[in-house]
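Text of work07.pdb, listed as PDB, C-alpha atoms:
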ATOM      1  CA  ARG A   1     123.123 111.352  78.212
ATOM      2  CA  ARG A   2     121.390 108.126  77.158
ATOM      3  CA  LEU A   3     123.837 107.705  74.281
ATOM      4  CA  ASP A   4     126.737 107.873  76.752
ATOM      5  CA  ARG A   5     125.626 104.776  78.640
ATOM      6  CA  PRO A   6     124.564 101.238  77.740
ATOM      7  CA  LEU A   7     120.934 100.339  77.096
ATOM      8  CA  ARG A   8     119.129 100.110  80.459
ATOM      9  CA  ILE A   9     116.602  97.286  80.665
ATOM     10  CA  ALA A  10     114.169  96.919  83.557
ATOM     11  CA  ILE A  11     113.177  93.373  84.502
ATOM     12  CA  MET A  12     109.669  93.405  85.945
ATOM     13  CA  GLY A  13     106.874  91.034  86.899
ATOM     14  CA  GLU A  14     104.951  89.662  89.828
ATOM     15  CA  ILE A  15     106.729  88.091  92.799
ATOM     16  CA  ASN A  16     108.655  84.846  92.257
ATOM     17  CA  THR A  17     108.553  84.878  88.467
ATOM     18  CA  GLY A  18     112.312  84.457  87.998
ATOM     19  CA  LYS A  19     113.334  88.096  87.491
ATOM     20  CA  SER A  20     116.616  87.869  89.418
ATOM     21  CA  ALA A  21     117.516  84.529  87.823
ATOM     22  CA  LEU A  22     116.936  86.073  84.393
ATOM     23  CA  ALA A  23     119.084  89.099  85.329
ATOM     24  CA  ASN A  24     121.898  86.756  86.421
ATOM     25  CA  LEU A  25     121.582  84.830  83.178
ATOM     26  CA  LEU A  26     121.638  87.958  81.000
ATOM     27  CA  ALA A  27     124.567  89.458  82.921
ATOM     28  CA  ARG A  28     126.431  86.143  82.774
ATOM     29  CA  VAL A  29     127.224  86.544  86.478
ATOM     30  CA  GLU A  30     125.537  84.727  89.358
ATOM     31  CA  CYS A  31     125.336  87.748  91.660
ATOM     32  CA  LEU A  32     121.700  88.297  92.650
ATOM     33  CA  PRO A  33     120.135  85.960  95.204
ATOM     34  CA  THR A  34     117.428  83.654  93.886
ATOM     35  CA  ALA A  35     115.100  81.490  95.958
ATOM     36  CA  VAL A  36     111.522  80.319  96.293
ATOM     37  CA  ILE A  37     110.811  83.330  98.502
ATOM     38  CA  SER A  38     110.854  86.932  97.293
ATOM     39  CA  ASN A  39     114.385  88.350  97.576
ATOM     40  CA  THR A  40     114.626  91.660  95.773
ATOM     41  CA  GLN A  41     113.555  94.433  98.133
ATOM     42  CA  VAL A  42     115.231  97.428  96.456
ATOM     43  CA  PRO A  43     115.636  98.041  92.716
ATOM     44  CA  THR A  44     119.109  96.756  91.823
ATOM     45  CA  LEU A  45     121.019  97.976  88.782
ATOM     46  CA  LEU A  46     123.694  95.654  87.379
ATOM     47  CA  GLN A  47     126.302  97.590  85.422
ATOM     48  CA  PHE A  48     129.886  97.199  84.254
ATOM     49  CA  ALA A  49     132.790  97.942  86.597
ATOM     50  CA  HIS A  50     136.389  96.736  86.462
ATOM     51  CA  GLU A  51     136.123  95.533  90.090
ATOM     52  CA  PRO A  52     132.979  94.493  92.013
ATOM     53  CA  GLU A  53     131.381  97.435  93.832
ATOM     54  CA  ILE A  54     128.054  98.387  95.402
ATOM     55  CA  TRP A  55     126.579 101.852  95.724
ATOM     56  CA  GLY A  56     123.413 102.987  97.475
ATOM     57  CA  VAL A  57     121.548 105.632  95.477
ATOM     58  CA  ARG A  58     119.409 107.988  97.515
ATOM     59  CA  GLU A  59     116.671 110.347  96.396
ATOM     60  CA  GLY A  60     118.188 113.123  94.319
ATOM     61  CA  ALA A  61     120.682 110.627  92.792
ATOM     62  CA  LYS A  62     123.198 111.030  95.638
ATOM     63  CA  ARG A  63     125.403 107.910  95.705
ATOM     64  CA  GLU A  64     127.107 106.316  98.711
ATOM     65  CA  ARG A  65     129.603 103.488  98.334
ATOM     66  CA  LEU A  66     128.709 100.439 100.404
ATOM     67  CA  GLY A  67     131.068  97.781 101.660
ATOM     68  CA  ALA A  68     131.208  94.663 103.793
ATOM     69  CA  ASN A  69     132.167  96.663 106.876
ATOM     70  CA  ARG A  70     129.367  99.238 106.425
ATOM     71  CA  GLU A  71     125.884  99.170 107.884
ATOM     72  CA  ALA A  72     122.990  98.218 105.652
ATOM     73  CA  PRO A  73     121.636 101.146 103.629
ATOM     74  CA  SER A  74     118.787 103.078 105.187
ATOM     75  CA  GLN A  75     115.209 103.153 103.952
ATOM     76  CA  SER A  76     115.935 106.263 101.869
ATOM     77  CA  VAL A  77     117.918 104.226  99.329
ATOM     78  CA  VAL A  78     115.927 104.130  96.081
ATOM     79  CA  ARG A  79     118.317 101.819  94.206
ATOM     80  CA  LEU A  80     121.436  99.714  94.609
ATOM     81  CA  ASP A  81     124.023 100.060  91.835
ATOM     82  CA  VAL A  82     126.119  96.901  91.545
ATOM     83  CA  GLY A  83     129.222  97.117  89.398
ATOM     84  CA  LEU A  84     130.540  93.817  88.028
ATOM     85  CA  PRO A  85     133.386  92.848  85.664
ATOM     86  CA  SER A  86     131.036  91.221  83.137
ATOM     87  CA  GLN A  87     131.708  92.084  79.504
ATOM     88  CA  ARG A  88     127.972  91.706  78.781
ATOM     89  CA  LEU A  89     127.321  94.670  81.085
ATOM     90  CA  ARG A  90     129.384  96.945  78.845
ATOM     91  CA  ALA A  91     126.497  96.840  76.344
ATOM     92  CA  ILE A  92     123.466  96.621  78.662
ATOM     93  CA  GLN A  93     122.525  97.534  82.205
ATOM     94  CA  LEU A  94     119.928  95.407  83.968
ATOM     95  CA  LEU A  95     117.547  96.831  86.550
ATOM     96  CA  ASP A  96     116.135  94.001  88.675
ATOM     97  CA  LEU A  97     112.950  95.268  90.312
ATOM     98  CA  PRO A  98     111.046  93.944  93.325
ATOM     99  CA  GLY A  99     108.144  91.711  92.403
ATOM    100  CA  LEU A 100     104.654  93.099  92.355
ATOM    101  CA  ALA A 101     102.703  91.667  95.250
ATOM    102  CA  ASP A 102      99.423  93.424  94.423
ATOM    103  CA  PRO A 103      99.439  94.925  90.927
ATOM    104  CA  THR A 104      95.773  95.909  91.291
ATOM    105  CA  LEU A 105      96.759  98.805  93.559
ATOM    106  CA  ARG A 106      96.027 102.213  92.062
ATOM    107  CA  THR A 107      99.493 103.580  92.882
ATOM    108  CA  PRO A 108     102.274 103.517  90.242
ATOM    109  CA  ILE A 109     104.263 100.313  90.028
ATOM    110  CA  VAL A 110     107.677 101.963  90.181
ATOM    111  CA  ASP A 111     108.933 105.275  88.890
ATOM    112  CA  LEU A 112     110.812 103.985  85.848
ATOM    113  CA  ALA A 113     111.685 107.553  84.825
ATOM    114  CA  LEU A 114     113.641 107.862  88.081
ATOM    115  CA  HIS A 115     115.786 104.934  86.943
ATOM    116  CA  HIS A 116     116.145 106.136  83.309
ATOM    117  CA  VAL A 117     114.853 102.879  81.831
ATOM    118  CA  ASP A 118     115.036 102.391  78.048
ATOM    119  CA  ALA A 119     113.142  99.087  77.682
ATOM    120  CA  VAL A 120     111.258  96.536  79.797
ATOM    121  CA  VAL A 121     111.329  92.763  80.037
ATOM    122  CA  TRP A 122     108.215  91.403  81.767
ATOM    123  CA  CYS A 123     108.626  87.989  83.420
ATOM    124  CA  THR A 124     105.633  85.686  83.731
ATOM    125  CA  MET A 125     105.812  82.119  85.040
ATOM    126  CA  SER A 126     105.177  79.488  82.344
ATOM    127  CA  THR A 127     102.852  77.404  84.505
ATOM    128  CA  GLN A 128     100.431  80.298  85.056
ATOM    129  CA  ALA A 129     101.509  82.728  82.360
ATOM    130  CA  TRP A 130      99.942  86.120  81.734
ATOM    131  CA  LYS A 131      97.273  86.609  84.325
ATOM    132  CA  GLU A 132      94.790  89.480  84.309
ATOM    133  CA  SER A 133      96.694  91.150  87.160
ATOM    134  CA  GLU A 134      99.811  91.202  84.961
ATOM    135  CA  ARG A 135      97.901  92.696  82.046
ATOM    136  CA  MET A 136      96.576  95.442  84.339
ATOM    137  CA  ALA A 137     100.046  96.241  85.690
ATOM    138  CA  TRP A 138     101.575  96.223  82.188
ATOM    139  CA  SER A 139      98.913  98.611  80.898
ATOM    140  CA  ARG A 140      99.934 101.182  83.534
ATOM    141  CA  LEU A 141     103.502 101.451  82.218
ATOM    142  CA  PRO A 142     104.431 104.360  79.937
ATOM    143  CA  ALA A 143     103.524 103.709  76.292
ATOM    144  CA  ARG A 144     107.114 104.310  75.106
ATOM    145  CA  LEU A 145     108.307 101.428  77.326
ATOM    146  CA  ARG A 146     105.426  99.108  76.459
ATOM    147  CA  SER A 147     106.256  99.570  72.776
ATOM    148  CA  ARG A 148     109.746  98.182  73.497
ATOM    149  CA  GLY A 149     108.609  95.410  75.827
ATOM    150  CA  VAL A 150     109.509  91.748  75.678
ATOM    151  CA  LEU A 151     107.444  89.120  77.489
ATOM    152  CA  VAL A 152     109.583  86.332  78.943
ATOM    153  CA  SER A 153     107.813  83.178  80.046
ATOM    154  CA  THR A 154     110.143  81.853  82.746
ATOM    155  CA  HIS A 155     110.532  78.452  84.361
ATOM    156  CA  GLY A 156     110.120  76.661  81.041
ATOM    157  CA  ASP A 157     111.781  73.654  82.661
ATOM    158  CA  LEU A 158     108.550  73.119  84.654
ATOM    159  CA  LEU A 159     106.697  72.321  81.426
ATOM    160  CA  ARG A 160     106.983  68.563  81.076
ATOM    161  CA  GLU A 161     106.671  68.172  77.317
ATOM    162  CA  VAL A 162     107.527  70.151  74.193
ATOM    163  CA  ARG A 163     103.822  70.143  73.372
ATOM    164  CA  ASP A 164     103.124  71.983  76.662
ATOM    165  CA  ALA A 165     105.663  74.677  75.776
ATOM    166  CA  GLU A 166     104.037  75.117  72.372
ATOM    167  CA  LYS A 167     100.604  75.471  74.023
ATOM    168  CA  VAL A 168     101.906  78.142  76.418
ATOM    169  CA  LEU A 169     103.529  80.128  73.611
ATOM    170  CA  THR A 170     100.391  79.884  71.453
ATOM    171  CA  ARG A 171      98.227  81.128  74.320
ATOM    172  CA  LEU A 172     100.667  83.955  75.133
ATOM    173  CA  ARG A 173     100.820  85.067  71.498
ATOM    174  CA  SER A 174      97.039  85.158  71.399
ATOM    175  CA  ALA A 175      96.488  86.908  74.751
ATOM    176  CA  ALA A 176      99.526  89.186  74.949
ATOM    177  CA  GLY A 177     101.147  89.177  71.503
ATOM    178  CA  PRO A 178      99.862  92.615  70.436
ATOM    179  CA  LEU A 179     101.184  94.125  73.693
ATOM    180  CA  PHE A 180     104.853  93.102  73.245
ATOM    181  CA  ARG A 181     107.565  93.293  70.598
ATOM    182  CA  ASP A 182     108.379  89.637  71.218
ATOM    183  CA  ILE A 183     107.544  86.674  73.458
ATOM    184  CA  VAL A 184     110.221  84.231  74.593
ATOM    185  CA  LEU A 185     110.086  81.025  76.606
ATOM    186  CA  VAL A 186     113.099  80.607  78.922
ATOM    187  CA  SER A 187     114.309  77.777  81.090
ATOM    188  CA  THR A 188     116.985  79.221  83.360
ATOM    189  CA  VAL A 189     117.964  75.721  84.446
ATOM    190  CA  ASP A 190     118.582  74.635  80.836
ATOM    191  CA  ALA A 191     120.319  77.914  79.948
ATOM    192  CA  LEU A 192     122.714  77.629  82.887
ATOM    193  CA  ALA A 193     123.488  74.044  81.911
ATOM    194  CA  LEU A 194     124.625  75.302  78.486
TER     195      LEU A 194
END
Could you quickly redo this structure as structure tokens?
Amino acid sequence: RRLDRPLRIAIMGEINTGKSALANLLARVECLPTAVISNTQVPTLLQFAHEPEIWGVREGAKRERLGANREAPSQSVVRLDVGLPSQRLRAIQLLDLPGLADPTLRTPIVDLALHHVDAVVWCTMSTQAWKESERMAWSRLPARLRSRGVLVSTHGDLLREVRDAEKVLTRLRSAAGPLFRDIVLVSTVDALAL
């Protein structure tokens, strides 16, 4: 079944680390809300569709099409599936997850098996990158996903000088390098300008 669909990438991290902005950037569609406050409340899967569409996925994988004239989905919705006419989404699906408010909790972060995730991108904010709470949360993910993980240091535009960006990357490579396949510094503002 996994070979019949695009690669599914979960975008994770603590609250307000730029997960939704990164998902928009990767999908090449400005569709997820982004703001200084936490926006993502329900896991949201961006996938290819010829016309825009939204589905609520309930426990047991039962799907219900949602529309502008429908009521908001109930609490039993475990994921929103958003279909978009983005060619990028033919090759990958992006699962934007709610931010972790307290990753020190003993309960699982999110049931990634429920969402059939193939790989994980962990977002950490450049100005306070890779805190102990993030390391703890990352260590609780399944080993098969950690082995395919990419650490993205977001909000690179907040670093004032090139030298600051180099310092952040050096520190991240030292502290988190062995835990990820790669580490990338991203400035969504600069990327959108391109």
Can you list, as a PDB file with C-alpha atoms, in the frame of the given file, the residues that the PyMOL selection byres ((chain A and resi 139) around 12) selects here?
ATOM      1  CA  PRO A 103      99.439  94.925  90.927  1.00  0.00           C
ATOM      2  CA  THR A 104      95.773  95.909  91.291  1.00  0.00           C
ATOM      3  CA  PRO A 108     102.274 103.517  90.242  1.00  0.00           C
ATOM      4  CA  ILE A 109     104.263 100.313  90.028  1.00  0.00           C
ATOM      5  CA  TRP A 122     108.215  91.403  81.767  1.00  0.00           C
ATOM      6  CA  GLU A 132      94.790  89.480  84.309  1.00  0.00           C
ATOM      7  CA  SER A 133      96.694  91.150  87.160  1.00  0.00           C
ATOM      8  CA  GLU A 134      99.811  91.202  84.961  1.00  0.00           C
ATOM      9  CA  ARG A 135      97.901  92.696  82.046  1.00  0.00           C
ATOM     10  CA  MET A 136      96.576  95.442  84.339  1.00  0.00           C
ATOM     11  CA  ALA A 137     100.046  96.241  85.690  1.00  0.00           C
ATOM     12  CA  TRP A 138     101.575  96.223  82.188  1.00  0.00           C
ATOM     13  CA  ARG A 140      99.934 101.182  83.534  1.00  0.00           C
ATOM     14  CA  LEU A 141     103.502 101.451  82.218  1.00  0.00           C
ATOM     15  CA  PRO A 142     104.431 104.360  79.937  1.00  0.00           C
ATOM     16  CA  ALA A 143     103.524 103.709  76.292  1.00  0.00           C
ATOM     17  CA  ARG A 144     107.114 104.310  75.106  1.00  0.00           C
ATOM     18  CA  LEU A 145     108.307 101.428  77.326  1.00  0.00           C
ATOM     19  CA  ARG A 146     105.426  99.108  76.459  1.00  0.00           C
ATOM     20  CA  SER A 147     106.256  99.570  72.776  1.00  0.00           C
ATOM     21  CA  GLY A 149     108.609  95.410  75.827  1.00  0.00           C
ATOM     22  CA  ALA A 176      99.526  89.186  74.949  1.00  0.00           C
ATOM     23  CA  LEU A 179     101.184  94.125  73.693  1.00  0.00           C
ATOM     24  CA  PHE A 180     104.853  93.102  73.245  1.00  0.00           C
TER      25      PHE A 180
END
(Q) Quick check on the file I pasted: which residues fall under the PyMOL selection byres ((chain A and resi 5) around 12)? Write them as number ranges by chain. (A) A: 1-4, 6-9, 47-48, 89-93, 116-118
Q. So which residues get picked by the PyMOL selection byres ((chain A and resi 128) around 12) here, written as a list in words?
A. Glu14, Asn16, Thr17, Cys123, Thr124, Met125, Ser126, Thr127, Ala129, Trp130, Lys131, Glu132, Ser133, Glu134, Ser153, Thr154, His155, Gly156, Leu158, Leu159, Val168, Leu169, Arg171 and Leu172 of chain A
Q: Grab the CA of Gln87 in chain A to CA of Leu26 in chain A distance for me, in Å with one decimal place.
A: 11.0 Å
**Q.** Which residue of A:Ala165, A:Cys31, A:Leu80, A:Leu151 approaches Arg63 in chain A most closely, using all atoms listed in the file
**A.** A:Leu80
Q: State, in Å with one decimal place, the distance from CA of Val184 in chain A to CA of Val150 in chain A.
A: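 Straight-line distance from CA of Val184 in chain A to CA of Val150 in chain A works out to 7.6 Å.
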Write out as JSON an axis-aligned box for range 22-29 of chain A: all of its atoms listed in the file, 6 Å added on each side, centre and edge lengths in Å with one decimal.
{"center_x": 122.1, "center_y": 87.1, "center_z": 83.7, "size_x": 22.3, "size_y": 16.6, "size_z": 17.5}
Q) Which value, in Å to one decimal, gives the distance between CA of Pro178 in chain A and CA of Lys19 in chain A? A)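 Going from CA of Pro178 in chain A over to CA of Lys19 in chain A covers 22.2 Å.
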Q: Could you check which of A:Asp96, A:Asp182, A:Glu64, A:Asp111 is closest to Ala23 in chain A, using only C-alpha atoms?
A: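 Closest to Ala23 in chain A, using only C-alpha atoms: A:Asp96.
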Q) Taking only C-alpha atoms into account, which of A:Leu97, A:Ala191, A:Val162, A:Ala21 comes nearest Arg79 in chain A? A) A:Leu97
Q: Could you pull out every residue with an atom within 10 Å of (116.9, 82.2, 90.2), file coordinates, counting all atoms listed in the file, and send them as an MDAnalysis selection string?
A: chainID A and resid 16:25 30 32:36 39 155 188:189
Q: Would you mind telling me which residue in A:Ile183, A:Ile15, A:Ala10, A:Leu112 lies nearest to Gln41 in chain A when using all atoms listed in the file?
A: A:Ile15
Kindly write range 171-183 of chain A with all heavy atoms to a file, as an mmCIF file, in the first residue's frame.
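Result written to part_29.cif:
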data_model
loop_
_atom_site.group_PDB
_atom_site.id
_atom_site.type_symbol
_atom_site.label_atom_id
_atom_site.label_comp_id
_atom_site.auth_asym_id
_atom_site.auth_seq_id
_atom_site.Cartn_x
_atom_site.Cartn_y
_atom_site.Cartn_z
ATOM 1 N N ARG A 171 26.509 24.273 16.294
ATOM 2 C CA ARG A 171 25.981 23.771 17.561
ATOM 3 C C ARG A 171 24.993 22.628 17.330
ATOM 4 O O ARG A 171 25.015 21.611 18.020
ATOM 5 C CB ARG A 171 25.315 24.892 18.353
ATOM 6 C CG ARG A 171 24.940 24.470 19.767
ATOM 7 C CD ARG A 171 24.349 25.597 20.574
ATOM 8 N NE ARG A 171 23.031 25.985 20.148
ATOM 9 C CZ ARG A 171 21.928 25.249 20.328
ATOM 10 N NH1 ARG A 171 21.994 24.073 20.889
ATOM 11 N NH2 ARG A 171 20.764 25.699 19.937
ATOM 12 N N LEU A 172 24.116 22.778 16.324
ATOM 13 C CA LEU A 172 23.138 21.725 16.031
ATOM 14 C C LEU A 172 23.825 20.437 15.573
ATOM 15 O O LEU A 172 23.429 19.341 15.960
ATOM 16 C CB LEU A 172 22.135 22.192 14.976
ATOM 17 C CG LEU A 172 21.110 23.212 15.451
ATOM 18 C CD1 LEU A 172 20.258 23.689 14.287
ATOM 19 C CD2 LEU A 172 20.247 22.632 16.551
ATOM 20 N N ARG A 173 24.846 20.572 14.745
ATOM 21 C CA ARG A 173 25.570 19.380 14.283
ATOM 22 C C ARG A 173 26.236 18.665 15.455
ATOM 23 O O ARG A 173 26.289 17.440 15.503
ATOM 24 C CB ARG A 173 26.583 19.753 13.216
ATOM 25 C CG ARG A 173 25.925 20.072 11.889
ATOM 26 C CD ARG A 173 26.943 20.328 10.788
ATOM 27 N NE ARG A 173 26.265 20.769 9.586
ATOM 28 C CZ ARG A 173 26.357 21.992 9.070
ATOM 29 N NH1 ARG A 173 27.135 22.901 9.620
ATOM 30 N NH2 ARG A 173 25.681 22.301 7.988
ATOM 31 N N SER A 174 26.725 19.435 16.403
ATOM 32 C CA SER A 174 27.369 18.846 17.569
ATOM 33 C C SER A 174 26.347 18.194 18.502
ATOM 34 O O SER A 174 26.535 17.053 18.939
ATOM 35 C CB SER A 174 28.141 19.929 18.324
ATOM 36 O OG SER A 174 28.638 19.428 19.531
ATOM 37 N N ALA A 175 25.259 18.884 18.797
ATOM 38 C CA ALA A 175 24.279 18.402 19.770
ATOM 39 C C ALA A 175 23.304 17.384 19.200
ATOM 40 O O ALA A 175 22.887 16.452 19.902
ATOM 41 C CB ALA A 175 23.499 19.586 20.346
ATOM 42 N N ALA A 176 22.921 17.547 17.937
ATOM 43 C CA ALA A 176 21.858 16.701 17.381
ATOM 44 C C ALA A 176 22.265 15.954 16.118
ATOM 45 O O ALA A 176 21.508 15.122 15.628
ATOM 46 C CB ALA A 176 20.629 17.559 17.085
ATOM 47 N N GLY A 177 23.441 16.232 15.597
ATOM 48 C CA GLY A 177 23.877 15.621 14.338
ATOM 49 C C GLY A 177 23.728 14.114 14.276
ATOM 50 O O GLY A 177 23.200 13.583 13.298
ATOM 51 N N PRO A 178 24.161 13.380 15.310
ATOM 52 C CA PRO A 178 24.043 11.913 15.253
ATOM 53 C C PRO A 178 22.588 11.414 15.263
ATOM 54 O O PRO A 178 22.334 10.260 14.954
ATOM 55 C CB PRO A 178 24.769 11.454 16.517
ATOM 56 C CG PRO A 178 25.640 12.599 16.914
ATOM 57 C CD PRO A 178 24.930 13.832 16.458
ATOM 58 N N LEU A 179 21.648 12.272 15.625
ATOM 59 C CA LEU A 179 20.250 11.859 15.742
ATOM 60 C C LEU A 179 19.453 12.031 14.453
ATOM 61 O O LEU A 179 18.309 11.569 14.378
ATOM 62 C CB LEU A 179 19.566 12.659 16.859
ATOM 63 C CG LEU A 179 20.239 12.604 18.234
ATOM 64 C CD1 LEU A 179 19.538 13.543 19.200
ATOM 65 C CD2 LEU A 179 20.258 11.174 18.749
ATOM 66 N N PHE A 180 20.021 12.708 13.453
ATOM 67 C CA PHE A 180 19.291 13.039 12.222
ATOM 68 C C PHE A 180 20.104 12.683 10.988
ATOM 69 O O PHE A 180 21.335 12.697 11.024
ATOM 70 C CB PHE A 180 18.954 14.537 12.186
ATOM 71 C CG PHE A 180 17.951 14.946 13.227
ATOM 72 C CD1 PHE A 180 18.359 15.369 14.478
ATOM 73 C CD2 PHE A 180 16.592 14.891 12.950
ATOM 74 C CE1 PHE A 180 17.438 15.736 15.448
ATOM 75 C CE2 PHE A 180 15.662 15.259 13.912
ATOM 76 C CZ PHE A 180 16.081 15.684 15.159
ATOM 77 N N ARG A 181 19.414 12.430 9.899
ATOM 78 C CA ARG A 181 20.087 12.186 8.612
ATOM 79 C C ARG A 181 20.715 13.464 8.083
ATOM 80 O O ARG A 181 21.738 13.439 7.422
ATOM 81 C CB ARG A 181 19.100 11.649 7.582
ATOM 82 C CG ARG A 181 18.685 10.227 7.845
ATOM 83 C CD ARG A 181 17.872 9.694 6.705
ATOM 84 N NE ARG A 181 18.701 9.386 5.568
ATOM 85 C CZ ARG A 181 19.178 8.191 5.282
ATOM 86 N NH1 ARG A 181 18.895 7.185 6.067
ATOM 87 N NH2 ARG A 181 19.913 7.992 4.222
ATOM 88 N N ASP A 182 20.059 14.605 8.363
ATOM 89 C CA ASP A 182 20.579 15.880 7.884
ATOM 90 C C ASP A 182 20.026 17.006 8.746
ATOM 91 O O ASP A 182 19.007 16.846 9.424
ATOM 92 C CB ASP A 182 20.179 16.103 6.418
ATOM 93 C CG ASP A 182 21.071 17.118 5.709
ATOM 94 O OD1 ASP A 182 22.023 17.638 6.334
ATOM 95 O OD2 ASP A 182 20.817 17.392 4.532
ATOM 96 N N ILE A 183 20.702 18.143 8.711
ATOM 97 C CA ILE A 183 20.277 19.348 9.425
ATOM 98 C C ILE A 183 20.298 20.490 8.424
ATOM 99 O O ILE A 183 21.284 20.682 7.703
ATOM 100 C CB ILE A 183 21.207 19.652 10.619
ATOM 101 C CG1 ILE A 183 21.147 18.500 11.630
ATOM 102 C CG2 ILE A 183 20.833 20.977 11.271
ATOM 103 C CD1 ILE A 183 22.133 18.612 12.766
#
